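> Could you have a look at this structure, given as structure tokens, before my questions?
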Amino acid sequence: MPKILWLVSITLPQAAAAVGLASDQVGGGWLAGMLDALAPQLRLTVASVDARAKTPLSGEKDGVRFAVLPAADGFDGLLAGEAPDLVHIWGTEYAAAAAMQQAAARRGLPVLVGMQGVMSDCAAHLCDGVPQPYLHSGPLQRAIDRVVPGALLDKMQRQFDALAQSEAALLANARHVTGRTGFDRRAVAALAPHARYYPCNETLRPAFWQAAGSWRAREFGRAPVILMSQGNYPLKNLHTALLALPALLRQWPGAVLRVAGWPPLDKGPLLRPVIRMMFPYQTWCARLIAQNGLAGHVQYTGPLQAAEMRQAYLDADLFLLPSYSENSPNSLGEAMLLGLPCVASRVGGVPDVTGGGAGAVLYGPAGDADALAAAAASVLELPDHGAALGKKASALARAQHDPAANAARMLHIYGQVLQAEQEAGHD
């Protein structure tokens, strides 16, 4: 039984519980799903960097060792103590990933790099569709941001550009990469031409797998509820959804667009001008809502834990993913798994995830509000309200996200990497 060390970009709830940290983690479901499936079959250590840990923390839960470090400079000691056969780095762009790759190289350990998004594409399309006045900050905004950080889009663009550069540097030194779509495979071919690519699908959160196929169409006459998983930054393209909504309201006057996540920040009339200045994308979206008479038709749920998010899908009539860039979005996979009819932009790995469009209605370009509205209407006006489409989607998602199949595939990949390294003469 090989000994594997994972590096992940977040402290998972299981890790927090094992080492005594508080956990309010909402994301990372794909990691938790694969962890649950693989844990009985491996000697596994899961490591993360977390500023809340003032000293290295460790613990064990359900047969898995967890290590939470205050900084990446502890990786050499971690690898010496754990002595893994292979290091699996989940994600490409965060600073700790490069530090772990370098630490593993110093010890001659094989490394498998796991693609999540493709940061070069995300950076290229981060602010698509946003008017120029919102893209550039002034001296006052930058001064305030140094004291109380906001969400300035030019700053965000620089951060995404830096993440894309970090991803490129990591992949340039990678020998083994795992991904899940033709989109990320092409990115790996461009950024890591000498690496071997291993396909493996994601395993979604158990709360969704256990409820696979449980969505049911709305009762006759009820106004439709359209769900988006988030809209806090322009890459996810809430603005095009808002521009498409008036056309849908003409046909379904009571329709609601429900956004899972925080609403635009509001601290009262005194601070409102400052907040609007420091959160330009949220300000623009709020103006679109006001200008298009959408008040009451756009609802923010606040952040949702797994069971709450599952219920949000089940309460909706249509899931909408209008992003400008995606690889294999977990939100789309979860909606499909439950059987909720989906409309998504034809970008990145979305065609692969949806079986070429068999499991969702795809539209494009992502910023075409008319095309988005037409795609959404084509589902909402179906006599079965999209139930047949949702059934196809659920079947596709069950095959793609099957926990046992994906765990078996990942185990096979670990064996392939170890064998390849042995044959190549790497220690």
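Just remember, in the structure tokens the first chain shown is A, the second B, etc., residues are 1-based per chain, and ligands are 1-based in the order shown.
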Just the residues within 9 Å of A:Ala223, please, counting only C-alpha atoms, with nothing from its chain fewer than 5 positions along; format it as a count of residues only.

6

> Counting only C-alpha atoms, what is within 12 Å of A:Leu382, bar same-chain residues fewer than 6 positions away, as a ChimeraX atom specification?

/A:217-218,220,317-318,341,375-376,388-390

> Could you please write out, as a list in words, every residue of stretch 1-83 of chain A that DSSP assigns to strand (DSSP E)?

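DSSP on the backbone gives strand (DSSP E) at Lys3, Ile4, Leu5, Trp6, Leu7, Arg43, Leu44, Thr45, Val46, Ala47, Ser48, Val49, Leu57, Ser58, Gly59, Glu60, Lys61, Val64, Arg65, Phe66, Ala67, Val68 and Leu69 of chain A.
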
> If you keep N, CA, C and O atoms, can you produce a file of those selected residues as a PDB file, in the first residue's frame?


ATOM      1  N   LYS A   3       2.360   5.077   0.233  1.00  0.00           N
ATOM      2  CA  LYS A   3       2.129   6.186   1.152  1.00  0.00           C
ATOM      3  C   LYS A   3       2.126   7.475   0.344  1.00  0.00           C
ATOM      4  O   LYS A   3       3.110   7.808  -0.316  1.00  0.00           O
ATOM      5  N   ILE A   4       1.006   8.197   0.370  1.00  0.00           N
ATOM      6  CA  ILE A   4       0.799   9.382  -0.458  1.00  0.00           C
ATOM      7  C   ILE A   4       0.636  10.593   0.443  1.00  0.00           C
ATOM      8  O   ILE A   4      -0.061  10.532   1.465  1.00  0.00           O
ATOM      9  N   LEU A   5       1.275  11.691   0.051  1.00  0.00           N
ATOM     10  CA  LEU A   5       1.060  12.965   0.742  1.00  0.00           C
ATOM     11  C   LEU A   5       0.371  13.925  -0.206  1.00  0.00           C
ATOM     12  O   LEU A   5       0.871  14.183  -1.301  1.00  0.00           O
ATOM     13  N   TRP A   6      -0.780  14.413   0.203  1.00  0.00           N
ATOM     14  CA  TRP A   6      -1.491  15.437  -0.558  1.00  0.00           C
ATOM     15  C   TRP A   6      -1.113  16.817  -0.016  1.00  0.00           C
ATOM     16  O   TRP A   6      -1.024  17.009   1.202  1.00  0.00           O
ATOM     17  N   LEU A   7      -0.965  17.765  -0.931  1.00  0.00           N
ATOM     18  CA  LEU A   7      -0.967  19.176  -0.552  1.00  0.00           C
ATOM     19  C   LEU A   7      -2.216  19.793  -1.146  1.00  0.00           C
ATOM     20  O   LEU A   7      -2.442  19.701  -2.359  1.00  0.00           O
ATOM     21  N   ARG A  43      -2.252   4.794   2.581  1.00  0.00           N
ATOM     22  CA  ARG A  43      -1.691   5.479   3.750  1.00  0.00           C
ATOM     23  C   ARG A  43      -1.562   6.936   3.318  1.00  0.00           C
ATOM     24  O   ARG A  43      -0.726   7.274   2.486  1.00  0.00           O
ATOM     25  N   LEU A  44      -2.408   7.776   3.855  1.00  0.00           N
ATOM     26  CA  LEU A  44      -2.585   9.109   3.305  1.00  0.00           C
ATOM     27  C   LEU A  44      -2.351  10.183   4.365  1.00  0.00           C
ATOM     28  O   LEU A  44      -2.889  10.113   5.471  1.00  0.00           O
ATOM     29  N   THR A  45      -1.550  11.186   3.990  1.00  0.00           N
ATOM     30  CA  THR A  45      -1.380  12.394   4.790  1.00  0.00           C
ATOM     31  C   THR A  45      -1.854  13.573   3.953  1.00  0.00           C
ATOM     32  O   THR A  45      -1.475  13.697   2.785  1.00  0.00           O
ATOM     33  N   VAL A  46      -2.673  14.433   4.523  1.00  0.00           N
ATOM     34  CA  VAL A  46      -3.191  15.613   3.834  1.00  0.00           C
ATOM     35  C   VAL A  46      -2.616  16.847   4.514  1.00  0.00           C
ATOM     36  O   VAL A  46      -2.834  17.066   5.705  1.00  0.00           O
ATOM     37  N   ALA A  47      -1.879  17.646   3.744  1.00  0.00           N
ATOM     38  CA  ALA A  47      -1.212  18.831   4.295  1.00  0.00           C
ATOM     39  C   ALA A  47      -1.802  20.099   3.707  1.00  0.00           C
ATOM     40  O   ALA A  47      -2.246  20.126   2.558  1.00  0.00           O
ATOM     41  N   SER A  48      -1.806  21.158   4.490  1.00  0.00           N
ATOM     42  CA  SER A  48      -2.232  22.481   4.029  1.00  0.00           C
ATOM     43  C   SER A  48      -1.462  23.537   4.808  1.00  0.00           C
ATOM     44  O   SER A  48      -0.879  23.260   5.862  1.00  0.00           O
ATOM     45  N   VAL A  49      -1.457  24.747   4.271  1.00  0.00           N
ATOM     46  CA  VAL A  49      -0.858  25.894   4.953  1.00  0.00           C
ATOM     47  C   VAL A  49      -1.991  26.797   5.413  1.00  0.00           C
ATOM     48  O   VAL A  49      -2.888  27.129   4.636  1.00  0.00           O
ATOM     49  N   LEU A  57       0.683  21.864  13.188  1.00  0.00           N
ATOM     50  CA  LEU A  57      -0.342  21.074  13.865  1.00  0.00           C
ATOM     51  C   LEU A  57      -0.518  19.758  13.130  1.00  0.00           C
ATOM     52  O   LEU A  57      -0.408  19.700  11.905  1.00  0.00           O
ATOM     53  N   SER A  58      -0.827  18.715  13.853  1.00  0.00           N
ATOM     54  CA  SER A  58      -1.084  17.419  13.220  1.00  0.00           C
ATOM     55  C   SER A  58      -2.133  16.669  14.018  1.00  0.00           C
ATOM     56  O   SER A  58      -2.354  16.933  15.206  1.00  0.00           O
ATOM     57  N   GLY A  59      -2.777  15.755  13.346  1.00  0.00           N
ATOM     58  CA  GLY A  59      -3.799  14.941  13.980  1.00  0.00           C
ATOM     59  C   GLY A  59      -4.258  13.872  13.020  1.00  0.00           C
ATOM     60  O   GLY A  59      -3.837  13.832  11.856  1.00  0.00           O
ATOM     61  N   GLU A  60      -5.122  13.023  13.489  1.00  0.00           N
ATOM     62  CA  GLU A  60      -5.623  11.919  12.667  1.00  0.00           C
ATOM     63  C   GLU A  60      -7.127  11.824  12.801  1.00  0.00           C
ATOM     64  O   GLU A  60      -7.686  12.037  13.879  1.00  0.00           O
ATOM     65  N   LYS A  61      -7.786  11.527  11.687  1.00  0.00           N
ATOM     66  CA  LYS A  61      -9.232  11.359  11.700  1.00  0.00           C
ATOM     67  C   LYS A  61      -9.606  10.355  10.616  1.00  0.00           C
ATOM     68  O   LYS A  61      -9.186  10.491   9.463  1.00  0.00           O
ATOM     69  N   VAL A  64      -6.840   8.940   8.384  1.00  0.00           N
ATOM     70  CA  VAL A  64      -6.038   9.860   7.579  1.00  0.00           C
ATOM     71  C   VAL A  64      -5.273  10.787   8.514  1.00  0.00           C
ATOM     72  O   VAL A  64      -5.829  11.315   9.477  1.00  0.00           O
ATOM     73  N   ARG A  65      -3.981  10.983   8.220  1.00  0.00           N
ATOM     74  CA  ARG A  65      -3.189  11.945   8.969  1.00  0.00           C
ATOM     75  C   ARG A  65      -3.352  13.321   8.342  1.00  0.00           C
ATOM     76  O   ARG A  65      -3.388  13.462   7.119  1.00  0.00           O
ATOM     77  N   PHE A  66      -3.450  14.339   9.167  1.00  0.00           N
ATOM     78  CA  PHE A  66      -3.573  15.718   8.689  1.00  0.00           C
ATOM     79  C   PHE A  66      -2.454  16.545   9.297  1.00  0.00           C
ATOM     80  O   PHE A  66      -2.131  16.410  10.484  1.00  0.00           O
ATOM     81  N   ALA A  67      -1.871  17.391   8.455  1.00  0.00           N
ATOM     82  CA  ALA A  67      -0.818  18.306   8.896  1.00  0.00           C
ATOM     83  C   ALA A  67      -1.172  19.705   8.427  1.00  0.00           C
ATOM     84  O   ALA A  67      -1.396  19.921   7.232  1.00  0.00           O
ATOM     85  N   VAL A  68      -1.249  20.650   9.348  1.00  0.00           N
ATOM     86  CA  VAL A  68      -1.540  22.045   9.030  1.00  0.00           C
ATOM     87  C   VAL A  68      -0.352  22.873   9.480  1.00  0.00           C
ATOM     88  O   VAL A  68      -0.010  22.898  10.666  1.00  0.00           O
ATOM     89  N   LEU A  69       0.292  23.539   8.521  1.00  0.00           N
ATOM     90  CA  LEU A  69       1.516  24.281   8.785  1.00  0.00           C
ATOM     91  C   LEU A  69       1.261  25.782   8.707  1.00  0.00           C
ATOM     92  O   LEU A  69       0.432  26.228   7.905  1.00  0.00           O
TER      93      LEU A  69
END

> May I ask which of the residues A:Ala377, A:Leu135, A:Ala39, A:Ala395 is the closest one to A:Leu338, counting only C-alpha atoms?

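So, comparing all the options, the nearest one is A:Ala395.
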
> Where in stretch 58-290 of chain A does DSSP assign alpha helix (DSSP H), given as a ChimeraX atom specification?

/A:75-82,95-106,119-125,139-147,153-172,182-191,206-209,238-251,272-278,280-290

> Skip stretch 158-167 of chain A itself and residues of its chain fewer than 4 positions away, then list as a PyMOL selection string all residues within 10 Å of it, counting only C-alpha atoms.

chain A and resi 91-95+97-98+115+118-124+126+153-154+171-172+191

> Considering only C-alpha atoms, can you say which of A:Arg250, A:His88, A:His239, A:Arg205 comes closest to A:Val177?

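Checking each of A:Arg250, A:His88, A:His239, A:Arg205 against A:Val177, counting only C-alpha atoms, the winner is A:His88.
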
> Between A:Ala316, A:Leu304, A:Val298, A:Cys127, which has the minimum distance to A:Gly339 (counting only C-alpha atoms)?

A:Ala316

> Give the answer as one residue: which of A:Ala195, A:Tyr134, A:Cys200, A:Leu112 has the shortest atom-to-atom distance to A:Ala407, using only C-alpha atoms?

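Among the listed residues, A:Cys200 lies closest to A:Ala407.
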
> For each of A:Pro2, A:Pro280, A:Gly74, A:Gly364, take the minimum atom-to-atom distance to A:Tyr324, counting only C-alpha atoms, then give the residue where this is smallest.

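Selected residue with least distance to A:Tyr324: A:Gly364.
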